[in-house]
Amino acid sequence: MKKVFLITIVFFGILNFSIAQIPIKESDVPEVVKSKLPNLFLGASNVKWTKHTSEYHAAFIYEGTNVEVVISESGRWIKSESEYKIEDCPRAMQKHLNANNPNSRIVKLLLVENKDVSEYDVELLDTLTQQKYFSIYDVSGAYVRKTDSKGVDTELQLTGTNEKGKLAVHPKELPSAINSYIIINY
């Protein structure tokens, strides 16, 4: 009985993994989706397409940078992720990373852009504990927040005497108009 149960779990695990992102031919990608890509990244070539539910993912190299773009089946751009080197990032971000993460090394650095926000997601590995975590920066290089490997914000607790136990409002929880106003004016 245990063997049957184990085989069933393994089968469904493999099935779930294989359905996650299905590689497809460029000829199978709808024209409205294909036509959106040159508008975003002029001259993108050697595009590898995958499909996940109703979204199309395009992976390619653009100006020496690995890029993945997510486009809905209606042709609406959802997000882009571009892999960066630390040398290509804002100087303020470089200084903050070096000063505040002395026992860590950078695993991956991405510029993630969507309709609401553009930010640098820096995946770090603590060399002492071997724990992965993320530091998030805005496009100007200003520090935004730190999250653990599961995406839970590690610095949201307020520490003032009259604020103990309360949560700060995270900028992503605000409406985009208010978030934009704060970014522009403060």
# chains A, B, ... in the order shown; residues from 1 in each chain; ligands from 1

$ residues_around --residues "Asn103 in chain A" --least-positions-apart "6" --cutoff "7 Å" --atoms "only C-alpha atoms" --output "PyMOL selection string"
chain A and resi 126-128

$ residues_around --residues "Gly141 in chain A" --least-positions-apart "6" --cutoff "9 Å" --atoms "only C-alpha atoms" --output "PDB file with N, CA and C atoms, in the first residue's frame"
ATOM      1  N   CYS A  89      24.477  48.319 -11.667  1.00  0.00           N
ATOM      2  CA  CYS A  89      23.406  48.815 -10.807  1.00  0.00           C
ATOM      3  C   CYS A  89      23.772  50.178 -10.229  1.00  0.00           C
ATOM      4  N   PRO A  90      22.771  50.901  -9.709  1.00  0.00           N
ATOM      5  CA  PRO A  90      23.051  52.218  -9.121  1.00  0.00           C
ATOM      6  C   PRO A  90      24.084  52.127  -7.994  1.00  0.00           C
ATOM      7  N   ARG A  91      24.911  53.165  -7.897  1.00  0.00           N
ATOM      8  CA  ARG A  91      26.004  53.184  -6.915  1.00  0.00           C
ATOM      9  C   ARG A  91      25.475  53.103  -5.482  1.00  0.00           C
ATOM     10  N   ALA A  92      24.352  53.757  -5.187  1.00  0.00           N
ATOM     11  CA  ALA A  92      23.781  53.721  -3.832  1.00  0.00           C
ATOM     12  C   ALA A  92      23.448  52.285  -3.430  1.00  0.00           C
ATOM     13  N   MET A  93      22.953  51.513  -4.365  1.00  0.00           N
ATOM     14  CA  MET A  93      22.613  50.116  -4.105  1.00  0.00           C
ATOM     15  C   MET A  93      23.878  49.296  -3.836  1.00  0.00           C
ATOM     16  N   GLN A  94      24.912  49.524  -4.616  1.00  0.00           N
ATOM     17  CA  GLN A  94      26.175  48.809  -4.428  1.00  0.00           C
ATOM     18  C   GLN A  94      26.742  49.084  -3.034  1.00  0.00           C
ATOM     19  N   HIS A  96      25.123  50.111  -0.326  1.00  0.00           N
ATOM     20  CA  HIS A  96      24.269  49.526   0.711  1.00  0.00           C
ATOM     21  C   HIS A  96      24.484  48.018   0.817  1.00  0.00           C
ATOM     22  N   GLU A 119      11.872  47.241  -9.711  1.00  0.00           N
ATOM     23  CA  GLU A 119      12.781  47.139  -8.581  1.00  0.00           C
ATOM     24  C   GLU A 119      13.844  46.086  -8.840  1.00  0.00           C
ATOM     25  N   TYR A 120      14.965  46.241  -8.132  1.00  0.00           N
ATOM     26  CA  TYR A 120      16.030  45.260  -8.184  1.00  0.00           C
ATOM     27  C   TYR A 120      15.791  44.231  -7.078  1.00  0.00           C
TER      28      TYR A 120
END

$ select_by_dssp --residues "range 41-87 of chain A" --states "strand (DSSP E or B)" --output "compact mmCIF listing (two decimals) with N, CA, C and O atoms, in the first residue's frame"
# COMPACT_ATOMS: atom_id res chain seq x y z
N SER A 45 16.20 38.44 -30.34
CA SER A 45 16.29 37.29 -31.24
C SER A 45 16.58 36.05 -30.43
O SER A 45 16.88 36.12 -29.24
N ASN A 46 16.49 34.90 -31.09
CA ASN A 46 16.68 33.60 -30.43
C ASN A 46 15.77 33.46 -29.22
O ASN A 46 16.21 33.08 -28.13
N VAL A 47 14.52 33.79 -29.41
CA VAL A 47 13.53 33.77 -28.33
C VAL A 47 13.06 32.34 -28.11
O VAL A 47 12.70 31.65 -29.05
N LYS A 48 13.09 31.91 -26.85
CA LYS A 48 12.56 30.60 -26.47
C LYS A 48 11.25 30.84 -25.75
O LYS A 48 11.20 31.54 -24.74
N TRP A 49 10.18 30.26 -26.27
CA TRP A 49 8.85 30.47 -25.72
C TRP A 49 8.43 29.28 -24.86
O TRP A 49 8.69 28.14 -25.20
N THR A 50 7.76 29.59 -23.76
CA THR A 50 7.10 28.58 -22.93
C THR A 50 5.72 29.11 -22.59
O THR A 50 5.47 30.32 -22.66
N LYS A 51 4.84 28.19 -22.23
CA LYS A 51 3.49 28.59 -21.85
C LYS A 51 3.19 28.05 -20.47
O LYS A 51 3.48 26.90 -20.16
N HIS A 52 2.63 28.90 -19.65
CA HIS A 52 2.21 28.52 -18.30
C HIS A 52 0.79 29.03 -18.12
O HIS A 52 0.56 30.24 -18.15
N GLU A 55 -0.45 32.33 -19.82
CA GLU A 55 0.63 33.30 -20.00
C GLU A 55 1.74 32.70 -20.86
O GLU A 55 2.06 31.52 -20.76
N TYR A 56 2.32 33.55 -21.68
CA TYR A 56 3.45 33.15 -22.52
C TYR A 56 4.72 33.79 -21.96
O TYR A 56 4.74 34.98 -21.68
N HIS A 57 5.76 32.98 -21.81
CA HIS A 57 7.04 33.44 -21.30
C HIS A 57 8.04 33.42 -22.46
O HIS A 57 8.20 32.39 -23.11
N ALA A 58 8.71 34.54 -22.67
CA ALA A 58 9.74 34.63 -23.70
C ALA A 58 11.08 34.83 -23.02
O ALA A 58 11.25 35.79 -22.26
N ALA A 59 12.03 33.94 -23.26
CA ALA A 59 13.37 34.06 -22.69
C ALA A 59 14.35 34.29 -23.84
O ALA A 59 14.31 33.60 -24.86
N PHE A 60 15.23 35.28 -23.65
CA PHE A 60 16.19 35.64 -24.70
C PHE A 60 17.31 36.47 -24.10
O PHE A 60 17.25 36.87 -22.93
N ILE A 61 18.32 36.74 -24.91
CA ILE A 61 19.41 37.62 -24.50
C ILE A 61 19.25 38.92 -25.26
O ILE A 61 19.13 38.93 -26.49
N TYR A 62 19.20 40.04 -24.52
CA TYR A 62 19.02 41.35 -25.11
C TYR A 62 20.15 42.26 -24.63
O TYR A 62 20.30 42.48 -23.43
N THR A 65 22.22 40.80 -21.89
CA THR A 65 21.53 40.54 -20.62
C THR A 65 20.46 39.47 -20.82
O THR A 65 19.69 39.54 -21.78
N ASN A 66 20.41 38.49 -19.91
CA ASN A 66 19.34 37.48 -19.95
C ASN A 66 18.04 38.14 -19.52
O ASN A 66 17.98 38.79 -18.48
N VAL A 67 17.01 37.96 -20.33
CA VAL A 67 15.72 38.59 -20.08
C VAL A 67 14.62 37.55 -20.20
O VAL A 67 14.67 36.68 -21.07
N GLU A 68 13.62 37.64 -19.30
CA GLU A 68 12.40 36.84 -19.44
C GLU A 68 11.22 37.79 -19.36
O GLU A 68 11.12 38.61 -18.45
N VAL A 69 10.33 37.70 -20.34
CA VAL A 69 9.16 38.55 -20.42
C VAL A 69 7.93 37.67 -20.32
O VAL A 69 7.87 36.61 -20.93
N VAL A 70 6.94 38.12 -19.54
CA VAL A 70 5.67 37.40 -19.41
C VAL A 70 4.59 38.24 -20.08
O VAL A 70 4.42 39.42 -19.76
N ILE A 71 3.87 37.62 -21.03
CA ILE A 71 2.82 38.30 -21.78
C ILE A 71 1.57 37.43 -21.72
O ILE A 71 1.64 36.22 -21.91
N SER A 72 0.42 38.06 -21.50
CA SER A 72 -0.83 37.30 -21.45
C SER A 72 -1.22 36.88 -22.86
O SER A 72 -0.72 37.42 -23.84
N TRP A 77 1.33 43.02 -21.66
CA TRP A 77 2.59 42.79 -20.96
C TRP A 77 2.32 42.68 -19.47
O TRP A 77 1.62 43.50 -18.88
N ILE A 78 2.85 41.64 -18.82
CA ILE A 78 2.64 41.43 -17.40
C ILE A 78 3.88 41.83 -16.61
O ILE A 78 3.80 42.62 -15.68
N LYS A 79 5.04 41.27 -16.99
CA LYS A 79 6.27 41.66 -16.31
C LYS A 79 7.49 41.24 -17.11
O LYS A 79 7.40 40.42 -18.02
N SER A 80 8.62 41.84 -16.74
CA SER A 80 9.92 41.50 -17.32
C SER A 80 10.91 41.29 -16.19
O SER A 80 10.84 41.97 -15.17
N GLU A 81 11.81 40.35 -16.38
CA GLU A 81 12.90 40.11 -15.44
C GLU A 81 14.19 40.10 -16.24
O GLU A 81 14.35 39.29 -17.15
N SER A 82 15.11 41.00 -15.88
CA SER A 82 16.39 41.09 -16.56
C SER A 82 17.50 40.82 -15.56
O SER A 82 17.52 41.41 -14.48
N GLU A 83 18.42 39.94 -15.92
CA GLU A 83 19.54 39.61 -15.05
C GLU A 83 20.62 40.68 -15.19
O GLU A 83 20.97 41.06 -16.30

$ atom_distance --atom1 "CA of Val122 in chain A" --atom2 "CA of Lys108 in chain A"
6.0 Å

$ closest_residue --among "A:Phe41, A:Arg145, A:Asp116, A:Lys34" --to "Ala177 in chain A" --atoms "only C-alpha atoms"
A:Asp116

$ atom_distance --atom1 "CA of Ser104 in chain A" --atom2 "CA of Ile183 in chain A"
29.0 Å

$ select_by_dssp --residues "range 52-158 of chain A" --states "alpha helix (DSSP H)" --output "PyMOL selection string"
chain A and resi 91-100

$ write_last_selection --atoms "all heavy atoms" --output "JSON list (two decimals), in the first residue's frame"
[["chain", "number", "residue", "atom", "x", "y", "z"],
["A", 91, "ARG", "N", 24.91, 53.17, -7.90],
["A", 91, "ARG", "CA", 26.00, 53.18, -6.91],
["A", 91, "ARG", "C", 25.47, 53.10, -5.48],
["A", 91, "ARG", "O", 26.08, 52.44, -4.63],
["A", 91, "ARG", "CB", 26.83, 54.46, -7.11],
["A", 91, "ARG", "CG", 28.07, 54.50, -6.29],
["A", 91, "ARG", "CD", 29.12, 53.58, -6.89],
["A", 91, "ARG", "NE", 30.31, 53.63, -6.05],
["A", 91, "ARG", "CZ", 30.96, 52.56, -5.64],
["A", 91, "ARG", "NH1", 30.57, 51.37, -6.03],
["A", 91, "ARG", "NH2", 32.00, 52.66, -4.88],
["A", 92, "ALA", "N", 24.35, 53.76, -5.19],
["A", 92, "ALA", "CA", 23.78, 53.72, -3.83],
["A", 92, "ALA", "C", 23.45, 52.28, -3.43],
["A", 92, "ALA", "O", 23.65, 51.89, -2.28],
["A", 92, "ALA", "CB", 22.54, 54.60, -3.76],
["A", 93, "MET", "N", 22.95, 51.51, -4.36],
["A", 93, "MET", "CA", 22.61, 50.12, -4.11],
["A", 93, "MET", "C", 23.88, 49.30, -3.84],
["A", 93, "MET", "O", 23.92, 48.48, -2.91],
["A", 93, "MET", "CB", 21.85, 49.55, -5.30],
["A", 93, "MET", "CG", 21.38, 48.14, -5.13],
["A", 93, "MET", "SD", 20.41, 47.68, -6.56],
["A", 93, "MET", "CE", 21.23, 46.19, -7.02],
["A", 94, "GLN", "N", 24.91, 49.52, -4.62],
["A", 94, "GLN", "CA", 26.17, 48.81, -4.43],
["A", 94, "GLN", "C", 26.74, 49.08, -3.03],
["A", 94, "GLN", "O", 27.17, 48.16, -2.33],
["A", 94, "GLN", "CB", 27.19, 49.24, -5.49],
["A", 94, "GLN", "CG", 26.81, 48.83, -6.89],
["A", 94, "GLN", "CD", 27.81, 49.35, -7.91],
["A", 94, "GLN", "OE1", 28.98, 49.55, -7.62],
["A", 94, "GLN", "NE2", 27.34, 49.57, -9.13],
["A", 95, "LYS", "N", 26.73, 50.36, -2.63],
["A", 95, "LYS", "CA", 27.26, 50.73, -1.31],
["A", 95, "LYS", "C", 26.45, 50.08, -0.19],
["A", 95, "LYS", "O", 27.01, 49.55, 0.77],
["A", 95, "LYS", "CB", 27.25, 52.24, -1.14],
["A", 95, "LYS", "CG", 28.32, 52.95, -1.93],
["A", 95, "LYS", "CD", 28.25, 54.44, -1.70],
["A", 95, "LYS", "CE", 29.32, 55.17, -2.47],
["A", 95, "LYS", "NZ", 29.26, 56.63, -2.24],
["A", 96, "HIS", "N", 25.12, 50.11, -0.33],
["A", 96, "HIS", "CA", 24.27, 49.53, 0.71],
["A", 96, "HIS", "C", 24.48, 48.02, 0.82],
["A", 96, "HIS", "O", 24.55, 47.47, 1.92],
["A", 96, "HIS", "CB", 22.79, 49.84, 0.44],
["A", 96, "HIS", "CG", 21.89, 49.40, 1.54],
["A", 96, "HIS", "ND1", 21.35, 48.14, 1.59],
["A", 96, "HIS", "CD2", 21.46, 50.05, 2.66],
["A", 96, "HIS", "CE1", 20.61, 48.02, 2.67],
["A", 96, "HIS", "NE2", 20.66, 49.17, 3.34],
["A", 97, "LEU", "N", 24.57, 47.35, -0.30],
["A", 97, "LEU", "CA", 24.80, 45.90, -0.29],
["A", 97, "LEU", "C", 26.12, 45.55, 0.39],
["A", 97, "LEU", "O", 26.18, 44.65, 1.22],
["A", 97, "LEU", "CB", 24.80, 45.35, -1.72],
["A", 97, "LEU", "CG", 23.46, 44.99, -2.31],
["A", 97, "LEU", "CD1", 23.58, 44.72, -3.80],
["A", 97, "LEU", "CD2", 22.84, 43.81, -1.61],
["A", 98, "ASN", "N", 27.18, 46.28, 0.06],
["A", 98, "ASN", "CA", 28.49, 45.99, 0.65],
["A", 98, "ASN", "C", 28.52, 46.30, 2.14],
["A", 98, "ASN", "O", 29.10, 45.54, 2.92],
["A", 98, "ASN", "CB", 29.59, 46.79, -0.07],
["A", 98, "ASN", "CG", 29.84, 46.27, -1.46],
["A", 98, "ASN", "OD1", 29.64, 45.09, -1.74],
["A", 98, "ASN", "ND2", 30.27, 47.13, -2.35],
["A", 99, "ALA", "N", 27.87, 47.37, 2.56],
["A", 99, "ALA", "CA", 27.91, 47.78, 3.96],
["A", 99, "ALA", "C", 27.03, 46.92, 4.85],
["A", 99, "ALA", "O", 27.37, 46.67, 6.01],
["A", 99, "ALA", "CB", 27.50, 49.25, 4.08],
["A", 100, "ASN", "N", 25.90, 46.45, 4.36],
["A", 100, "ASN", "CA", 24.90, 45.78, 5.19],
["A", 100, "ASN", "C", 24.83, 44.27, 5.03],
["A", 100, "ASN", "O", 24.02, 43.62, 5.70],
["A", 100, "ASN", "CB", 23.52, 46.39, 4.95],
["A", 100, "ASN", "CG", 23.47, 47.82, 5.38],
["A", 100, "ASN", "OD1", 23.64, 48.13, 6.56],
["A", 100, "ASN", "ND2", 23.28, 48.73, 4.43]]
